[in-house]
file data-v4.cif (mmCIF, C-alpha atoms)
data_work
loop_
_atom_site.label_atom_id
_atom_site.label_comp_id
_atom_site.auth_asym_id
_atom_site.auth_seq_id
_atom_site.Cartn_x
_atom_site.Cartn_y
_atom_site.Cartn_z
CA MET A 1 233.13 -71.04 168.03
CA VAL A 2 236.85 -71.65 167.47
CA ARG A 3 238.48 -69.06 169.76
CA PRO A 4 238.02 -69.83 173.47
CA GLU A 5 239.61 -66.52 174.51
CA VAL A 6 236.64 -64.58 173.07
CA GLU A 7 233.75 -64.02 175.50
CA LEU A 8 230.26 -63.59 174.02
CA ILE A 9 227.73 -61.53 176.08
CA ILE A 10 224.38 -60.30 174.70
CA ASP A 11 222.02 -58.16 176.84
CA ASP A 12 224.00 -59.01 179.96
CA VAL A 13 223.53 -62.71 179.17
CA VAL A 14 226.76 -64.71 178.99
CA ILE A 15 226.38 -66.86 175.89
CA SER A 16 229.93 -68.19 175.96
CA ALA A 17 232.29 -67.56 178.87
CA GLU A 18 235.95 -66.77 178.33
CA GLY A 19 238.02 -69.91 178.05
CA GLN A 20 235.19 -71.96 176.54
CA LEU A 21 234.24 -72.75 172.96
CA LEU A 22 230.80 -71.62 171.84
CA THR A 23 228.50 -74.65 171.55
CA MET A 24 224.72 -74.70 171.51
CA THR A 25 221.66 -76.68 170.52
CA ASN A 26 219.20 -75.55 167.87
CA ALA A 27 216.91 -74.19 170.58
CA GLU A 28 219.74 -72.16 172.10
CA ALA A 29 220.65 -70.79 168.65
CA GLU A 30 217.03 -69.61 168.21
CA ARG A 31 217.00 -67.48 171.38
CA ARG A 32 215.95 -63.89 170.73
CA PHE A 33 217.29 -60.71 172.28
CA GLY A 34 216.53 -57.00 172.31
CA GLU A 35 213.43 -55.06 171.56
CA ASP A 36 213.34 -56.31 167.97
CA GLN A 37 213.65 -59.89 169.19
CA ARG A 38 216.46 -60.70 166.76
CA PRO A 39 217.56 -64.35 166.84
CA LEU A 40 221.00 -65.29 168.11
CA LEU A 41 222.09 -67.49 165.19
CA SER A 42 219.02 -69.29 163.79
CA GLU A 43 215.64 -68.14 162.48
CA GLY A 44 214.11 -71.50 163.33
CA THR A 45 214.19 -75.25 162.83
CA VAL A 46 212.30 -77.20 160.16
CA ASP A 47 211.69 -80.90 159.69
CA ASP A 48 213.04 -81.29 156.17
CA PHE A 49 214.30 -79.49 153.07
CA ASP A 50 210.81 -79.06 151.61
CA ALA A 51 209.69 -77.28 154.78
CA LEU A 52 212.74 -75.00 154.52
CA LEU A 53 211.84 -74.05 150.93
CA ASP A 54 208.25 -73.32 152.01
CA LEU A 55 209.48 -71.16 154.90
CA LEU A 56 211.73 -69.17 152.55
CA GLY A 57 208.96 -68.73 149.97
CA PHE A 58 210.43 -71.08 147.38
CA ALA A 59 207.85 -73.85 147.58
CA GLU A 60 206.86 -73.41 143.91
CA ALA A 61 210.44 -73.09 142.65
CA VAL A 62 211.90 -75.70 140.28
CA ARG A 63 214.00 -78.09 142.33
CA VAL A 64 216.88 -80.14 140.94
CA ASP A 65 218.45 -82.76 143.21
CA LEU A 66 222.01 -83.82 142.38
CA GLU A 67 222.83 -87.41 143.25
CA ILE A 68 226.16 -89.22 143.24
CA THR A 69 226.21 -91.70 140.36
CA LEU A 70 227.71 -95.17 140.45
CA ALA A 71 230.56 -94.01 138.20
CA GLU A 72 231.36 -91.20 140.65
CA ARG A 73 231.34 -93.63 143.56
CA ILE A 74 233.72 -95.93 141.70
CA ALA A 75 235.92 -92.94 140.79
CA ARG A 76 236.07 -91.84 144.43
CA PHE A 77 237.06 -95.35 145.49
CA LEU A 78 239.75 -95.55 142.79
CA GLN A 79 241.01 -92.13 143.84
CA ILE A 80 241.28 -93.25 147.47
CA ILE A 81 243.30 -96.36 146.55
CA GLY A 82 245.34 -94.41 143.99
CA PRO A 83 248.69 -95.06 145.74
CA LEU A 84 247.95 -98.80 145.81
CA LEU A 85 247.09 -98.77 142.10
CA MET A 86 250.34 -96.94 141.33
CA MET A 87 252.28 -99.35 143.51
CA GLY A 88 250.82 -102.39 141.77
CA GLY A 89 251.31 -100.81 138.34
CA PHE A 90 254.97 -99.98 138.96
CA LEU A 91 255.59 -103.44 140.41
CA GLY A 92 253.94 -105.21 137.47
CA ILE A 93 255.94 -103.23 134.90
CA TYR A 94 259.17 -103.82 136.84
CA LEU A 95 258.54 -107.57 136.94
CA GLU A 96 257.77 -107.52 133.21
CA PHE A 97 261.12 -105.89 132.46
CA GLN A 98 262.82 -108.61 134.47
CA SER A 99 261.29 -111.39 132.34
CA PRO A 100 261.22 -111.96 128.59
CA GLY A 101 258.19 -111.25 126.42
CA PHE A 102 255.07 -109.41 127.53
CA GLY A 103 253.02 -111.45 129.94
CA VAL A 104 250.74 -111.29 132.96
CA PRO A 105 252.79 -108.86 135.14
CA GLY A 106 253.04 -106.28 132.38
CA ILE A 107 249.35 -106.52 131.47
CA LEU A 108 248.28 -106.22 135.12
CA GLY A 109 250.64 -103.28 135.62
CA VAL A 110 249.19 -101.41 132.64
CA ILE A 111 245.60 -102.18 133.76
CA LEU A 112 246.27 -100.87 137.28
CA LEU A 113 247.78 -97.64 135.96
CA MET A 114 244.84 -97.23 133.59
CA LEU A 115 242.47 -97.63 136.55
CA PHE A 116 244.47 -94.98 138.41
CA PHE A 117 244.03 -92.48 135.58
CA LEU A 118 240.38 -93.51 135.06
CA GLY A 119 239.48 -92.79 138.69
CA HIS A 120 241.19 -89.40 138.70
CA HIS A 121 239.77 -88.53 135.28
CA ILE A 122 236.17 -89.22 136.34
CA ALA A 123 236.76 -87.41 139.63
CA GLY A 124 237.74 -84.32 137.59
CA LEU A 125 241.40 -84.26 138.63
CA ALA A 126 243.16 -85.82 135.64
CA GLY A 127 242.66 -84.26 132.22
CA ASN A 128 243.33 -85.80 128.85
CA GLU A 129 246.70 -84.04 128.71
CA ASP A 130 247.92 -86.00 131.75
CA ILE A 131 247.03 -89.30 130.10
CA VAL A 132 248.71 -88.22 126.83
CA LEU A 133 251.89 -87.20 128.67
CA PHE A 134 251.96 -90.55 130.48
CA MET A 135 251.52 -92.53 127.25
CA ILE A 136 254.21 -90.51 125.45
CA GLY A 137 256.57 -91.10 128.38
CA VAL A 138 255.95 -94.86 128.33
CA ALA A 139 256.55 -94.93 124.57
CA LEU A 140 259.86 -93.09 124.96
CA ILE A 141 260.98 -95.52 127.68
CA PHE A 142 260.19 -98.48 125.41
CA VAL A 143 262.14 -96.83 122.58
CA GLU A 144 265.11 -96.37 124.89
CA LEU A 145 264.96 -99.94 126.16
CA PHE A 146 264.39 -101.80 122.90
CA LEU A 147 265.64 -99.57 120.09
CA LEU A 148 268.47 -97.49 121.54
CA PRO A 149 271.49 -98.68 123.57
CA GLY A 150 271.99 -97.64 127.18
CA PHE A 151 269.70 -95.24 129.05
CA GLY A 152 270.11 -91.68 127.82
CA VAL A 153 268.18 -88.56 126.99
CA VAL A 154 265.19 -90.37 125.46
CA GLY A 155 264.71 -92.65 128.47
CA ILE A 156 265.17 -89.85 131.01
CA THR A 157 262.69 -87.67 129.11
CA GLY A 158 260.18 -90.53 129.04
CA LEU A 159 260.57 -91.16 132.77
CA ALA A 160 260.10 -87.44 133.51
CA LEU A 161 256.91 -87.34 131.41
CA VAL A 162 255.53 -90.44 133.15
CA LEU A 163 256.16 -89.00 136.62
CA TRP A 164 254.79 -85.57 135.67
CA GLY A 165 251.65 -87.09 134.17
CA ILE A 166 251.03 -89.07 137.36
CA LEU A 167 251.74 -86.10 139.66
CA ASN A 168 249.62 -83.67 137.65
CA ALA A 169 246.73 -86.15 137.64
CA MET A 170 246.57 -86.01 141.45
CA VAL A 171 246.54 -82.21 141.77
CA GLU A 172 243.19 -80.74 142.82
CA ARG A 173 242.61 -77.99 140.27
CA LEU A 174 239.72 -75.55 139.89
CA PRO A 175 238.59 -74.00 136.59
CA GLY A 176 240.89 -71.12 135.71
CA ASP A 177 243.85 -72.39 137.76
CA PRO A 178 247.25 -72.37 135.99
CA TRP A 179 248.25 -75.55 134.18
CA ILE A 180 251.51 -75.82 136.12
CA PRO A 181 250.68 -76.41 139.82
CA SER A 182 252.52 -74.70 142.65
CA LEU A 183 254.78 -76.53 145.09
CA PRO A 184 252.17 -76.56 147.91
CA GLU A 185 249.70 -78.20 145.52
CA LEU A 186 252.26 -80.90 144.71
CA GLN A 187 253.00 -81.86 148.32
CA VAL A 188 250.24 -84.47 148.68
CA PRO A 189 250.79 -85.91 145.15
CA PHE A 190 254.54 -86.14 145.87
CA LEU A 191 253.80 -88.02 149.09
CA LYS A 192 251.45 -90.46 147.34
CA LEU A 193 253.96 -91.04 144.53
CA ALA A 194 256.78 -91.61 147.03
CA VAL A 195 254.65 -94.13 148.93
CA ALA A 196 253.89 -95.96 145.67
CA ILE A 197 257.55 -96.09 144.59
CA VAL A 198 258.78 -97.24 148.00
CA GLY A 199 255.99 -99.82 148.19
CA ALA A 200 256.78 -101.12 144.70
CA GLY A 201 260.47 -101.37 145.59
CA ALA A 202 259.67 -103.27 148.78
CA GLY A 203 257.32 -105.56 146.86
CA ALA A 204 259.99 -106.24 144.23
CA ALA A 205 262.51 -107.08 146.95
CA VAL A 206 260.08 -109.46 148.66
CA LEU A 207 259.06 -111.15 145.43
CA GLY A 208 262.68 -111.43 144.33
CA LYS A 209 263.52 -113.20 147.57
CA PHE A 210 260.63 -115.65 147.89
CA ILE A 211 259.22 -116.29 144.39
CA PRO A 212 262.28 -118.21 143.08
CA ASP A 213 261.69 -120.82 145.81
CA THR A 214 258.04 -121.41 144.93
CA THR A 215 256.91 -124.52 143.04
CA ILE A 216 255.25 -122.51 140.26
CA PHE A 217 258.39 -120.53 139.55
CA GLN A 218 260.53 -123.68 139.52
CA LYS A 219 258.33 -125.08 136.75
CA LEU A 220 258.73 -121.93 134.66
CA VAL A 221 262.54 -121.83 134.59
CA LEU A 222 265.18 -124.21 133.30
CA ALA A 223 266.88 -126.30 135.93
CA GLU A 224 270.15 -126.30 134.00
CA SER A 225 272.03 -123.53 132.23
CA THR A 226 272.52 -123.69 128.47
CA SER A 227 276.18 -122.71 128.29
CA ARG A 228 278.62 -123.01 125.41
CA GLU A 229 280.53 -125.65 127.40
CA THR A 230 277.49 -127.93 127.43
CA GLY A 231 277.00 -127.61 123.69
CA TYR A 232 274.49 -124.74 123.54
CA THR A 233 275.03 -121.54 121.58
CA SER A 234 272.64 -118.73 120.70
CA SER A 235 274.43 -117.84 117.46
CA LYS A 236 277.28 -119.02 115.28
CA ASP A 237 280.87 -118.43 116.34
CA THR A 238 282.39 -115.53 114.36
CA SER A 239 285.53 -115.09 116.42
CA ALA A 240 287.67 -116.41 113.51
CA TRP A 241 286.91 -113.20 111.61
CA LEU A 242 288.49 -111.00 114.30
CA GLY A 243 291.24 -108.84 112.77
CA LYS A 244 290.19 -109.51 109.16
CA GLU A 245 290.25 -106.60 106.72
CA GLY A 246 287.80 -105.99 103.92
CA ILE A 247 285.92 -103.41 101.87
CA THR A 248 282.51 -101.96 102.70
CA ASP A 249 279.90 -103.13 100.23
CA SER A 250 277.38 -100.47 101.30
CA PRO A 251 277.47 -97.30 103.41
CA LEU A 252 277.51 -97.98 107.15
CA TYR A 253 274.87 -95.83 108.97
CA PRO A 254 276.31 -97.33 111.26
CA ALA A 255 275.08 -100.77 110.08
CA GLY A 256 275.63 -102.18 106.63
CA SER A 257 277.66 -104.85 104.86
CA ALA A 258 281.30 -105.48 103.93
CA VAL A 259 283.22 -108.15 102.01
CA PHE A 260 286.00 -110.14 103.73
CA ASP A 261 287.85 -112.87 101.78
CA ASP A 262 285.06 -112.87 99.17
CA VAL A 263 282.44 -113.36 101.92
CA ARG A 264 279.78 -110.69 102.45
CA LEU A 265 279.03 -110.06 106.15
CA ASP A 266 276.60 -107.80 107.99
CA VAL A 267 278.65 -105.40 110.11
CA ILE A 268 278.23 -102.33 112.30
CA THR A 269 280.55 -99.51 113.36
CA ARG A 270 280.91 -97.98 116.82
CA GLY A 271 278.54 -95.24 115.70
CA GLU A 272 280.48 -93.38 113.02
CA PHE A 273 279.51 -93.23 109.33
CA VAL A 274 281.65 -95.09 106.80
CA GLU A 275 281.05 -94.69 103.08
CA ALA A 276 280.91 -97.59 100.58
CA GLY A 277 284.23 -98.90 99.16
CA ARG A 278 286.18 -97.97 102.29
CA PRO A 279 288.70 -100.42 103.86
CA VAL A 280 287.57 -101.66 107.30
CA ARG A 281 288.89 -104.03 109.96
CA ILE A 282 286.89 -106.33 112.25
CA VAL A 283 287.65 -105.29 115.85
CA GLU A 284 284.91 -107.10 117.79
CA THR A 285 282.77 -110.20 117.28
CA HIS A 286 279.73 -111.03 119.42
CA GLY A 287 278.01 -113.86 117.60
CA SER A 288 276.16 -112.31 114.68
CA ARG A 289 277.16 -108.80 115.76
CA ILE A 290 280.42 -107.89 114.00
CA VAL A 291 281.96 -104.51 114.80
CA VAL A 292 284.35 -102.82 112.36
CA ASP A 293 286.59 -99.76 112.32
CA ALA A 294 287.51 -97.79 109.21
CA ILE A 295 291.15 -98.21 108.17
CA GLU A 296 293.03 -95.01 107.57
CA SER A 297 295.62 -94.90 104.80
CA GLY A 298 298.84 -96.64 105.85
CA GLU A 299 297.22 -98.70 108.62
CA SER A 300 296.49 -101.88 106.64
CA ASN A 301 298.22 -105.06 107.82
CA GLY A 302 297.45 -107.03 104.68
CA GLY A 303 294.23 -108.60 105.94
CA ASN A 304 295.80 -110.54 108.84
#
call {"tool": "encode", "arguments": {"input": "data-v4.cif", "output": "structure tokens"}}
result
Amino acid sequence: MVRPEVELIIDDVVISAEGQLLTMTNAEAERRFGEDQRPLLSEGTVDDFDALLDLLGFAEAVRVDLEITLAERIARFLQIIGPLLMMGGFLGIYLEFQSPGFGVPGILGVILLMLFFLGHHIAGLAGNEDIVLFMIGVALIFVELFLLPGFGVVGITGLALVLWGILNAMVERLPGDPWIPSLPELQVPFLKLAVAIVGAGAGAAVLGKFIPDTTIFQKLVLAESTSRETGYTSSKDTSAWLGKEGITDSPLYPAGSAVFDDVRLDVITRGEFVEAGRPVRIVETHGSRIVVDAIESGESNGGN
């Protein structure tokens, strides 16, 4: 039926000539040949499934019909639009990071990603471990963004867990298959993830170009900047303390306190530990953030 170069001849009857695919109706498949009148491909044709069971002698057998539930239909639909859900989720989270607080874009992004995992979970593709990996990855990214400076090992680990959780959720896996999928199994998930990332990037570019000009966006932002020159300041000016020397009032881990000219200030080091009672010098001031360095013996300039 799939190899046209094969010629099928039974009892000198050409069933399928060379160069043609084997095709036939039900009546042609029921043709019988030889002395024993064996059928070509089919024993016969029945009107329905009940008639088939009766013909096979299973009319009295217990019959269980499996039907697709509404939840399974919804899961199949969510699985089909999985790349769109990922795209919308990535875009919503990206927009949330570009704006203060936690508002509508972030909530919508999280909901869309939850729908993505829900569809694949009901469809039997995503297990609980994929969801747990994704949530751990998101938590690590938030820790990196809001608790730790820069973007280092914690953030990269979180991003890797998020991507792996999403990829693994899209792999079609049978019972007994290894937990780590092979590269061929990851080809389609990789393609879907790439489409989602590219689509989210394109959406972010489009929104970044056109949204600032919309009336709604204009009402949400300040028309004027609040600069120091116009009389606005986010924190008090501590630049006068630059270069001052004092004594640590508590250990710096790296944050703590120190006394300068009988004034106790909250300070922080560049990351090193400084014990209590150690001379320090203010080397940077950024509003309420005052950075100090420990003074080695012989380096003091008398507090100036």
call {"tool": "resolve_selection", "arguments": {"input": "data-v4.cif", "expression": "the PyMOL selection byres ((chain A and resi 105) around 10)", "output": "VMD selection string"}}
result
chain A and resid 88 to 97 99 102 to 104 106 to 111
call {"tool": "atom_distance", "arguments": {"input": "data-v4.cif", "atom1": "atom CA of Gln20 of chain A", "atom2": "atom CA of Thr45 of chain A"}}
result
25.3 Å
call {"tool": "closest_residue", "arguments": {"input": "data-v4.cif", "among": "A:Ala276, A:Leu55, A:Met1, A:Ile131", "to": "Leu41 of chain A", "atoms": "all atoms listed in the file"}}
result
A:Met1
call {"tool": "closest_residue", "arguments": {"input": "data-v4.cif", "among": "A:Gly246, A:Gly203, A:Pro189, A:Gly155", "to": "Val171 of chain A", "atoms": "all atoms listed in the file"}}
result
A:Pro189
call {"tool": "resolve_selection", "arguments": {"input": "data-v4.cif", "expression": "the PyMOL selection byres ((chain A and resi 8) around 12)", "output": "list in words"}}
result
Met1, Arg3, Pro4, Glu5, Val6, Glu7, Ile9, Ile10, Asp11, Asp12, Val13, Val14, Ile15, Ser16, Ala17, Glu18, Gly19, Gln20, Leu21, Leu22, Thr23 and Leu40 of chain A
call {"tool": "atom_distance", "arguments": {"input": "data-v4.cif", "atom1": "atom CA of Thr248 of chain A", "atom2": "atom CA of Gly277 of chain A"}}
result
5.0 Å
call {"tool": "closest_residue", "arguments": {"input": "data-v4.cif", "among": "A:Pro83, A:Val280, A:Glu144, A:Ile156", "to": "Glu296 of chain A", "atoms": "all atoms listed in the file"}}
result
A:Val280
call {"tool": "residues_around", "arguments": {"input": "data-v4.cif", "residues": "segment 254-256 of chain A", "least_positions_apart": "6", "cutoff": "8 Å", "atoms": "all atoms listed in the file", "output": "PyMOL selection string"}}
result
chain A and resi 248+266-274
call {"tool": "atom_distance", "arguments": {"input": "data-v4.cif", "atom1": "atom CA of Leu161 of chain A", "atom2": "atom CA of Leu84 of chain A"}}
result
20.5 Å
